[in-house]
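Here is the file entry.txt (compact mmCIF, C-alpha atoms).
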# COMPACT_ATOMS: atom_id res chain seq x y z
CA MET A 1 73.27 -56.69 -80.97
CA LEU A 2 76.29 -56.35 -78.64
CA ALA A 3 76.85 -60.11 -78.89
CA SER A 4 76.52 -59.93 -82.68
CA ARG A 5 79.11 -57.13 -83.00
CA ALA A 6 81.47 -58.81 -80.54
CA SER A 7 81.27 -62.15 -82.31
CA ALA A 8 81.72 -60.59 -85.75
CA GLU A 9 84.78 -58.68 -84.51
CA LYS A 10 86.21 -61.84 -82.97
CA VAL A 11 85.70 -63.80 -86.19
CA LEU A 12 87.50 -61.13 -88.21
CA ALA A 13 90.38 -61.00 -85.72
CA GLU A 14 90.74 -64.77 -85.82
CA GLU A 15 90.62 -64.83 -89.62
CA LEU A 16 93.30 -62.15 -89.88
CA VAL A 17 95.57 -64.18 -87.62
CA ARG A 18 94.73 -67.43 -89.39
CA ARG A 19 95.48 -65.99 -92.81
CA PHE A 20 98.75 -64.52 -91.60
CA THR A 21 99.87 -67.79 -90.02
CA LEU A 22 98.97 -69.87 -93.07
CA GLU A 23 100.91 -67.51 -95.34
CA TYR A 24 103.81 -67.63 -92.91
CA LEU A 25 103.81 -71.44 -92.93
CA GLU A 26 103.99 -71.44 -96.72
CA SER A 27 106.98 -69.10 -96.68
CA GLU A 28 108.69 -70.70 -93.65
CA PRO A 29 107.60 -74.37 -93.60
CA GLU A 30 110.49 -75.41 -91.37
CA THR A 31 108.89 -73.52 -88.45
CA CYS A 32 105.99 -75.94 -88.32
CA VAL A 33 106.19 -78.49 -85.53
CA GLU A 34 103.84 -81.45 -85.76
CA SER A 35 102.93 -83.06 -82.46
CA GLU A 36 102.54 -86.78 -81.95
CA GLY A 37 99.11 -88.39 -82.20
CA GLU A 38 96.12 -86.24 -83.14
CA SER A 39 97.28 -83.02 -81.50
CA PRO A 40 97.10 -79.92 -83.72
CA GLN A 41 100.13 -78.54 -85.50
CA THR A 42 101.79 -75.61 -83.75
CA PHE A 43 104.35 -72.94 -84.48
CA PRO A 44 105.47 -69.67 -82.86
CA LEU A 45 104.27 -66.39 -84.33
CA PRO A 46 107.22 -64.32 -85.60
CA GLU A 47 108.31 -61.27 -83.68
CA GLY A 48 106.28 -58.13 -84.43
CA ALA A 49 103.34 -60.06 -85.85
CA VAL A 50 100.84 -58.85 -83.26
CA GLU A 51 101.61 -55.17 -83.91
CA HIS A 52 101.39 -55.67 -87.65
CA LEU A 53 98.06 -57.46 -87.36
CA ALA A 54 96.74 -54.87 -84.89
CA GLU A 55 97.45 -52.06 -87.35
CA THR A 56 95.62 -53.92 -90.10
CA ALA A 57 92.70 -54.69 -87.81
CA GLU A 58 92.32 -51.11 -86.59
CA ARG A 59 91.78 -49.97 -90.17
CA LEU A 60 88.87 -52.44 -90.30
CA GLY A 61 87.41 -51.25 -87.00
CA VAL A 62 88.60 -54.27 -85.01
CA SER A 63 90.11 -53.58 -81.61
CA LYS A 64 93.72 -54.39 -80.86
CA GLY A 65 92.55 -56.47 -77.90
CA SER A 66 90.59 -58.82 -80.15
CA VAL A 67 93.57 -59.32 -82.43
CA CYS A 68 95.92 -59.84 -79.49
CA ARG A 69 93.69 -62.53 -78.00
CA ALA A 70 93.45 -64.30 -81.35
CA ALA A 71 97.20 -63.96 -81.87
CA VAL A 72 97.94 -65.42 -78.44
CA ASP A 73 95.78 -68.43 -79.28
CA ALA A 74 97.57 -68.85 -82.59
CA GLY A 75 100.93 -68.43 -80.90
CA LEU A 76 100.13 -71.28 -78.56
CA GLY A 77 99.31 -73.46 -81.52
CA LEU A 78 97.89 -73.25 -85.02
CA SER A 79 94.88 -75.53 -84.91
CA THR A 80 94.15 -77.77 -87.82
CA ALA A 81 90.74 -78.99 -88.94
CA LEU A 82 91.03 -81.75 -86.34
CA ALA A 83 90.58 -79.17 -83.60
CA PHE A 84 87.41 -77.71 -85.16
CA PRO A 85 85.68 -80.71 -86.80
CA ASP A 86 82.30 -79.07 -87.41
CA ARG A 87 83.50 -75.72 -88.73
CA ALA A 88 83.85 -76.71 -92.41
CA GLY A 89 80.37 -78.24 -92.49
CA ALA A 90 78.83 -75.17 -90.89
CA LEU A 91 80.53 -72.91 -93.43
CA GLU A 92 79.35 -75.10 -96.29
CA LYS A 93 75.73 -74.85 -95.13
CA MET A 94 76.10 -71.06 -95.19
CA GLY A 95 77.51 -71.19 -98.73
CA PHE A 96 81.12 -70.40 -97.86
CA ALA A 97 84.49 -72.13 -97.86
CA GLU A 98 87.35 -71.40 -95.46
CA GLU A 99 89.50 -69.83 -98.17
CA ASP A 100 86.71 -67.42 -99.17
CA LEU A 101 86.27 -65.74 -95.78
CA VAL A 102 89.12 -63.26 -95.99
CA PHE A 103 90.20 -61.42 -99.11
CA GLN A 104 92.00 -58.34 -100.39
CA VAL A 105 90.39 -55.98 -102.89
CA ALA A 106 93.87 -54.89 -104.00
CA GLU A 107 97.45 -55.52 -102.92
CA ASP A 108 97.68 -52.12 -101.24
CA ARG A 109 94.45 -52.68 -99.32
CA PRO A 110 94.13 -54.55 -96.01
CA MET A 111 92.53 -57.95 -95.71
CA GLN A 112 88.85 -57.97 -94.81
CA LEU A 113 86.19 -60.45 -93.85
CA HIS A 114 83.73 -61.36 -96.59
CA PRO A 115 80.79 -58.93 -96.16
CA GLY A 116 78.29 -61.61 -97.10
CA PHE A 117 79.64 -63.86 -94.36
CA GLN A 118 79.49 -61.01 -91.86
CA ALA A 119 75.84 -60.44 -92.73
CA VAL A 120 74.96 -64.12 -92.37
CA ILE A 121 76.54 -64.57 -88.96
CA ALA A 122 75.11 -61.27 -87.66
CA GLU A 123 71.65 -62.36 -88.79
CA GLN A 124 71.90 -65.76 -87.12
CA LEU A 125 73.51 -64.47 -83.94
CA GLN A 126 70.61 -62.15 -83.17
CA PHE A 127 68.40 -65.22 -82.74
CA ASP A 128 70.85 -67.90 -81.57
CA GLY A 129 73.23 -65.95 -79.34
CA ASP A 130 76.23 -68.00 -80.47
CA ILE A 131 77.43 -70.25 -83.30
CA PRO A 132 79.94 -72.54 -81.55
CA GLU A 133 80.74 -74.65 -84.60
CA LEU A 134 82.10 -71.56 -86.39
CA ARG A 135 84.24 -70.29 -83.55
CA THR A 136 87.95 -71.05 -83.23
CA ALA A 137 88.28 -69.50 -79.77
CA ALA A 138 86.31 -69.09 -76.55
CA MET A 139 82.79 -67.64 -76.59
CA PRO A 140 83.03 -63.83 -76.70
CA ARG A 141 81.75 -61.57 -73.95
CA GLY A 142 78.06 -60.76 -74.42
CA ALA A 143 77.24 -63.99 -76.26
CA GLU A 144 75.16 -66.78 -74.72
CA PRO A 145 75.29 -70.56 -75.22
CA ALA A 146 73.09 -71.89 -78.01
CA VAL A 147 72.15 -75.27 -76.56
CA PRO A 148 69.43 -77.59 -77.97
CA VAL A 149 67.51 -79.94 -75.70
CA GLN A 150 66.17 -83.46 -75.97
CA THR A 151 62.44 -83.02 -75.41
CA LYS A 152 59.09 -84.54 -76.25
CA ALA A 153 57.28 -81.23 -75.86
CA LEU A 154 55.52 -79.54 -78.77
CA ASN A 155 54.45 -76.52 -76.73
CA PRO A 156 56.75 -73.63 -77.77
CA VAL A 157 56.59 -72.02 -74.33
CA MET A 158 57.70 -75.25 -72.67
CA VAL A 159 60.52 -75.79 -75.17
CA GLY A 160 61.61 -72.19 -74.69
CA ALA A 161 61.73 -72.64 -70.92
CA GLN A 162 63.75 -75.84 -71.31
CA LEU A 163 66.18 -74.04 -73.61
CA GLN A 164 66.66 -71.34 -70.99
CA GLU A 165 67.50 -73.92 -68.34
CA ALA A 166 69.99 -75.63 -70.65
CA ARG A 167 71.50 -72.26 -71.53
CA SER A 168 71.95 -71.43 -67.86
CA THR A 169 73.50 -74.83 -67.16
CA VAL A 170 76.12 -74.47 -69.88
CA ALA A 171 76.82 -70.83 -68.98
CA GLY A 172 77.57 -72.02 -65.44
CA GLU A 173 79.93 -74.68 -66.77
CA LEU A 174 81.80 -72.18 -68.92
CA SER A 175 82.18 -69.69 -66.08
CA ALA A 176 83.62 -72.19 -63.60
CA PRO A 177 87.43 -71.91 -63.30
CA GLY A 178 89.18 -74.83 -64.96
CA ALA A 179 85.93 -76.47 -66.02
CA VAL A 180 85.76 -78.51 -69.23
CA SER A 181 82.52 -78.42 -71.18
CA ALA A 182 81.34 -80.34 -74.24
CA TYR A 183 80.11 -76.98 -75.49
CA ARG A 184 83.24 -75.68 -77.18
CA GLU A 185 84.57 -73.94 -80.24
CA GLY A 186 84.58 -75.73 -83.56
CA HIS A 187 81.98 -78.26 -82.41
CA LYS A 188 78.26 -78.47 -82.95
CA ALA A 189 76.46 -77.80 -79.69
CA PRO A 190 75.62 -81.03 -77.82
CA VAL A 191 71.98 -81.82 -77.08
CA LEU A 192 71.19 -81.71 -73.36
CA PRO A 193 68.34 -83.70 -71.78
CA ALA A 194 65.44 -81.41 -70.91
CA THR A 195 64.69 -81.26 -67.21
CA SER A 196 61.49 -83.06 -66.26
CA ASP A 197 60.47 -80.52 -63.63
CA THR A 198 60.35 -77.46 -65.92
CA SER A 199 57.25 -75.41 -65.10
CA ILE A 200 55.66 -72.62 -67.10
CA VAL A 201 52.63 -72.09 -64.82
CA SER A 202 54.08 -69.07 -63.06
CA MET A 203 55.44 -67.40 -66.18
CA SER A 204 54.02 -63.99 -67.13
CA PRO A 205 52.47 -63.53 -70.60
CA ARG A 206 55.53 -61.50 -71.61
CA ASP A 207 57.94 -64.24 -70.48
CA MET A 208 55.85 -66.87 -72.26
CA ALA A 209 56.03 -64.89 -75.49
CA LYS A 210 59.80 -64.49 -75.14
CA ALA A 211 60.30 -68.18 -74.43
CA ALA A 212 58.15 -69.32 -77.35
CA PHE A 213 59.75 -66.82 -79.71
CA LYS A 214 63.24 -68.05 -78.78
CA ALA A 215 62.21 -71.66 -79.26
CA LEU A 216 60.96 -71.05 -82.79
CA THR A 217 63.42 -68.50 -84.14
CA SER A 218 66.67 -69.98 -82.81
CA SER A 219 68.55 -72.78 -84.54
CA GLN A 220 68.83 -74.65 -81.25
CA GLY A 221 65.07 -74.34 -80.69
CA ARG A 222 64.08 -75.72 -84.08
CA ARG A 223 66.70 -78.44 -83.67
CA SER A 224 65.08 -79.36 -80.33
CA PHE A 225 61.59 -79.52 -81.86
CA ALA A 226 62.54 -81.71 -84.84
CA PRO A 227 62.67 -85.13 -83.10
CA ALA A 228 59.41 -84.44 -81.23
CA ILE A 229 57.68 -83.39 -84.47
CA GLN A 230 59.05 -86.47 -86.20
CA ALA A 231 57.76 -88.74 -83.42
CA ALA A 232 54.32 -87.09 -83.51
CA LEU A 233 54.20 -87.48 -87.30
CA VAL A 234 55.06 -91.17 -87.04
CA ARG A 235 52.24 -91.68 -84.53
CA ALA A 236 49.75 -89.83 -86.73
CA LEU A 237 50.66 -91.82 -89.84
CA GLU A 238 50.59 -95.14 -87.99
CA ALA A 239 47.09 -94.26 -86.82
CA ASP A 240 46.22 -93.89 -90.52
CA GLY A 241 47.51 -97.39 -91.20
CA VAL A 242 50.84 -96.33 -92.72
CA ARG A 243 53.95 -98.38 -92.05
CA VAL A 244 56.58 -95.87 -91.03
CA GLN A 245 60.31 -95.90 -90.39
CA ALA A 246 61.99 -92.76 -89.06
CA GLY A 247 65.67 -92.04 -89.46
CA ALA A 248 68.34 -90.26 -91.47
CA LEU A 249 67.78 -90.08 -95.22
CA SER A 250 70.56 -89.14 -97.61
CA ARG A 251 68.37 -88.64 -100.68
CA PRO A 252 64.64 -88.31 -100.01
CA SER A 253 62.42 -88.54 -103.08
CA HIS A 254 59.84 -86.18 -101.57
CA THR A 255 60.28 -83.10 -99.42
CA HIS A 256 57.78 -80.70 -97.92
CA VAL A 257 58.49 -77.48 -96.03
CA TRP A 258 56.24 -76.04 -93.36
CA ASP A 259 57.26 -72.60 -92.23
CA SER A 260 55.74 -69.43 -90.86
CA PHE A 261 56.63 -65.76 -90.93
CA LEU A 262 57.60 -64.53 -87.49
CA PRO A 263 58.05 -60.89 -86.47
CA SER A 264 61.36 -59.43 -85.33
CA GLY A 265 60.44 -59.68 -81.64
CA PRO A 266 58.08 -61.38 -79.16
CA ASP A 267 55.79 -58.36 -78.69
CA ASP A 268 53.72 -59.20 -81.78
CA PHE A 269 53.93 -62.92 -81.26
CA ASN A 270 51.21 -65.36 -80.17
CA PRO A 271 52.80 -68.00 -77.89
CA LYS A 272 49.55 -69.99 -77.68
CA PHE A 273 49.59 -71.06 -81.33
CA SER A 274 51.03 -74.55 -81.72
CA TYR A 275 53.43 -74.23 -84.64
CA ALA A 276 54.72 -77.76 -84.16
CA ASP A 277 51.24 -79.30 -84.29
CA ALA A 278 50.53 -77.32 -87.45
CA ALA A 279 53.70 -78.72 -89.00
CA VAL A 280 52.72 -82.29 -88.08
CA ALA A 281 49.30 -81.84 -89.70
CA ALA A 282 50.82 -80.40 -92.88
CA PHE A 283 53.42 -83.18 -93.12
CA ARG A 284 50.78 -85.87 -92.53
CA ALA A 285 48.62 -84.47 -95.32
CA LYS A 286 51.57 -84.38 -97.72
CA VAL A 287 52.62 -87.97 -97.02
CA LEU A 288 49.07 -89.27 -97.36
CA SER A 289 48.64 -87.42 -100.66
CA VAL A 290 51.36 -89.56 -102.32
CA TRP A 291 51.16 -92.77 -100.27
CA ASP A 292 50.04 -95.75 -102.39
CA ARG A 293 48.79 -97.86 -99.44
CA LYS A 294 51.38 -100.54 -100.21
CA SER A 295 54.66 -98.87 -99.47
CA LYS A 296 56.42 -98.25 -96.20
CA VAL A 297 57.22 -94.60 -95.60
CA CYS A 298 60.77 -93.77 -94.50
CA LEU A 299 61.00 -90.19 -93.24
CA GLN A 300 63.09 -87.60 -91.46
CA VAL A 301 62.15 -84.19 -90.05
CA GLU A 302 64.80 -81.47 -89.90
CA PRO A 303 64.90 -77.76 -88.99
CA TYR A 304 64.32 -75.20 -91.73
CA ALA A 305 64.79 -71.45 -91.88
CA LYS A 306 65.15 -68.49 -94.20
CA VAL A 307 66.47 -66.17 -91.53
CA ALA A 308 66.76 -63.07 -93.70
CA LYS A 309 63.09 -63.42 -94.65
CA ARG A 310 62.03 -64.19 -91.04
CA ARG A 311 60.60 -67.57 -92.04
CA PHE A 312 61.12 -70.45 -89.62
CA GLY A 313 59.89 -74.04 -89.55
CA TRP A 314 60.81 -77.58 -90.48
CA VAL A 315 61.11 -79.79 -93.54
CA VAL A 316 60.15 -83.43 -93.91
CA GLY A 317 61.96 -85.67 -96.36
CA PHE A 318 60.61 -89.11 -97.16
CA ILE A 319 60.68 -92.01 -99.59
CA LEU A 320 58.13 -94.71 -100.39
CA ASP A 321 59.83 -98.05 -99.85
CA THR A 322 58.39 -100.79 -102.08
CA SER A 323 61.11 -103.40 -101.47
CA SER A 324 59.98 -107.03 -101.54
CA ASP A 325 60.95 -107.80 -97.93
CA LEU A 326 58.16 -105.63 -96.52
Could you quickly redo this structure as structure tokens?
Amino acid sequence: MLASRASAEKVLAEELVRRFTLEYLESEPETCVESEGESPQTFPLPEGAVEHLAETAERLGVSKGSVCRAAVDAGLGLSTALAFPDRAGALEKMGFAEEDLVFQVAEDRPMQLHPGFQAVIAEQLQFDGDIPELRTAAMPRGAEPAVPVQTKALNPVMVGAQLQEARSTVAGELSAPGAVSAYREGHKAPVLPATSDTSIVSMSPRDMAKAAFKALTSSQGRRSFAPAIQAALVRALEADGVRVQAGALSRPSHTHVWDSFLPSGPDDFNPKFSYADAAVAAFRAKVLSVWDRKSKVCLQVEPYAKVAKRRFGWVVGFILDTSSDL
């Protein structure tokens, strides 16, 4: 919860500064300095801006320190969409646009962050630990890297242990002075190769439950599972005599969701149940129920979640390809 509050406060501070700087650019366009190449546009914050923003933020319960840090970043340079290429897409998936995040109820009222957006990020942060593609500054204190892994494992305990190792690796990178990491603000978290020597033999039942719970409830965990589930589904369908092609689909003609209700913590969670295998079986049954024995099946498995309802899983999209060159 500390990470959730810290991240929400940081987002609001950044949005207050961003809105101020955009309004300032509109009123004083000559202050904008565009760098050569693909560097972001920059301009100096006007004198007194930090104090003005701090007063506004304090009325919203945001610390002056958060606003000052965001203002310093903005003073060094106002970043354009080029600096945060995945932010707009992440907002769109959440049902928001950049211009909707901050608003004023009335002219005499301070700006505030959209309460619906606050709720969404707080909900996701409690499971993921961070949402790097939404951030426009460094990861806040108390947050933890949300790093997916490239794995073939379907065992949730194993995937959870691999996620922990990847998380520790990236945390070490970020803490090293002067280090540059691919895990950065405004970018979707990169997928790290899972270590081959990960062992879960010595893990306690409690640690196993925590690892499995993290693997299934976090965005990075479900993202890690998806390729392994897809590969297992392809193998199962090929064993049934189906011609299969796996890959990205822009408009699948069929979709099927497999999800499960998970409790709010690992204490009431069974880490021995294979959720991924259950998803493969459900997807196989769905594909076979519509397959005409002539078509090739083109499919893609992606993560799925209704976080507010505590439902987590995956969705398969597929088409039946009847083209003449098969």
Give me, as a tab-separated table, the closest atom pair and its distance (Å, one decimal) for every residue of region 91-138 of chain A within a cut-off of 7 Å of region 182-197 of chain A, counting only C-alpha atoms, rows sorted by chain and rising number.
residue	atom	partner	partner_atom	distance
A:Pro132	CA	A:Glu185	CA	5.0
A:Glu133	CA	A:Gly186	CA	4.1
A:Leu134	CA	A:Gly186	CA	5.6
A:Arg135	CA	A:Glu185	CA	4.9
A:Thr136	CA	A:Glu185	CA	5.4
A:Ala137	CA	A:Glu185	CA	5.8
A:Ala138	CA	A:Glu185	CA	6.3
One-decimal distance in Å that lies between CA of Lys93 (chain A) and CA of Ala171 (chain A): 26.5 Å
Give one line per residue of region 211-282 of chain A that approaches region 148-170 of chain A to at most 12 Å, naming the two atoms of the closest pair and their distance in Å to one decimal, counting all atoms listed in the file; sort by chain then ascending residue number and deliver it as CSV.
residue,atom,partner,partner_atom,distance
A:Ala211,CA,A:Gly160,CA,4.2
A:Ala212,CA,A:Val157,CA,4.3
A:Phe213,CA,A:Gly160,CA,7.6
A:Lys214,CA,A:Gly160,CA,6.0
A:Ala215,CA,A:Gly160,CA,4.6
A:Leu216,CA,A:Pro156,CA,7.0
A:Thr217,CA,A:Gly160,CA,10.3
A:Ser218,CA,A:Pro148,CA,9.4
A:Ser219,CA,A:Pro148,CA,8.2
A:Gln220,CA,A:Pro148,CA,4.4
A:Gly221,CA,A:Pro148,CA,6.1
A:Arg222,CA,A:Pro148,CA,8.3
A:Arg223,CA,A:Pro148,CA,6.4
A:Ser224,CA,A:Pro148,CA,5.3
A:Phe225,CA,A:Leu154,CA,6.8
A:Ala226,CA,A:Thr151,CA,9.5
A:Pro227,CA,A:Lys152,CA,7.8
A:Ala228,CA,A:Lys152,CA,5.0
A:Ile229,CA,A:Leu154,CA,7.2
A:Gln230,CA,A:Lys152,CA,10.1
A:Ala231,CA,A:Lys152,CA,8.4
A:Ala232,CA,A:Leu154,CA,9.0
A:Leu233,CA,A:Leu154,CA,11.7
A:Pro266,CA,A:Val157,CA,11.8
A:Phe269,CA,A:Pro156,CA,11.6
A:Asn270,CA,A:Pro156,CA,10.2
A:Pro271,CA,A:Val157,CA,6.6
A:Lys272,CA,A:Val157,CA,8.1
A:Phe273,CA,A:Pro156,CA,8.4
A:Ser274,CA,A:Asn155,CA,6.4
A:Tyr275,CA,A:Pro156,CA,7.7
A:Ala276,CA,A:Leu154,CA,5.7
A:Asp277,CA,A:Leu154,CA,7.0
A:Ala278,CA,A:Leu154,CA,10.3
A:Ala279,CA,A:Leu154,CA,10.4
A:Val280,CA,A:Leu154,CA,10.1
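Coordinates place CA of Trp314 (chain A) at a distance of 8.6 Å from CA of His256 (chain A).
Remark: for Gln124 (chain A), the closest of the candidate residues A:Asp267, A:Ala308, A:Asp207, A:Phe318 is A:Ala308 (distances computed over only C-alpha atoms).
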Computed interatomic separation between CA of Glu15 (chain A) and CA of Asp108 (chain A) (Å): 18.6 Å
Around all the atoms of region 303-310 of chain A listed in the file, with 3 Å of room on each side, what axis-aligned box do you get, giving centre and edge lengths in Å to one decimal, as AutoDock Vina command-line options?
--center_x 64.4 --center_y -70.4 --center_z -91.8 --size_x 10.7 --size_y 20.7 --size_z 11.7
Nearby residues, (61.7, -93.3, -93.7) file frame, 12 Å, only C-alpha atoms, as a PyMOL selection string: chain A and resi 230-231+233-234+237+242-255+287+295-301+316-322
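Of the residues listed (A:Ala176, A:Met208, A:Leu12, A:Met94), A:Leu12 shows the shortest atom-to-atom separation from Met111 (chain A); distances use all atoms listed in the file.
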Long-range neighbours of Asp130 (chain A) as a PyMOL selection string, 6 Å cut-off, all atoms listed in the file, 6 positions minimum in chain: chain A and resi 143-146
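With only C-alpha atoms as the basis for measurement, A:Phe117 is the residue among A:Phe84, A:Trp258, A:Met139, A:Phe117 that approaches Ala97 (chain A) most closely.
Distances here use only C-alpha atoms; by that measure, the residue among A:Ala281, A:Trp291, A:Leu262, A:Gly241 closest to Phe127 (chain A) is A:Leu262.
When all atoms listed in the file are used to compute distances to Ile121 (chain A), the closest of the residues A:Ala209, A:Val11, A:Leu174, A:Val315 turns out to be A:Val11.
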Could you extract region 286-307 of chain A of the given structure into a file holding C-alpha atoms, as a JSON list (two decimals), in the first residue's frame?
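What landed in result21.json:
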[["chain", "number", "residue", "atom", "x", "y", "z"],
["A", 286, "LYS", "CA", -13.04, -24.25, -27.58],
["A", 287, "VAL", "CA", -10.93, -24.46, -30.73],
["A", 288, "LEU", "CA", -11.96, -28.06, -31.39],
["A", 289, "SER", "CA", -15.63, -27.17, -30.93],
["A", 290, "VAL", "CA", -15.56, -24.87, -34.00],
["A", 291, "TRP", "CA", -12.77, -26.45, -36.07],
["A", 292, "ASP", "CA", -14.06, -27.86, -39.38],
["A", 293, "ARG", "CA", -11.16, -30.31, -39.91],
["A", 294, "LYS", "CA", -10.16, -28.49, -43.10],
["A", 295, "SER", "CA", -8.98, -25.13, -41.90],
["A", 296, "LYS", "CA", -5.70, -24.08, -40.39],
["A", 297, "VAL", "CA", -6.08, -22.43, -37.01],
["A", 298, "CYS", "CA", -4.22, -19.15, -36.47],
["A", 299, "LEU", "CA", -4.17, -18.20, -32.80],
["A", 300, "GLN", "CA", -2.74, -15.92, -30.14],
["A", 301, "VAL", "CA", -2.88, -16.14, -26.34],
["A", 302, "GLU", "CA", -2.75, -12.93, -24.31],
["A", 303, "PRO", "CA", -3.09, -11.98, -20.63],
["A", 304, "TYR", "CA", -6.54, -11.15, -19.28],
["A", 305, "ALA", "CA", -7.73, -9.60, -16.04],
["A", 306, "LYS", "CA", -10.63, -7.87, -14.34],
["A", 307, "VAL", "CA", -8.57, -6.60, -11.44]]
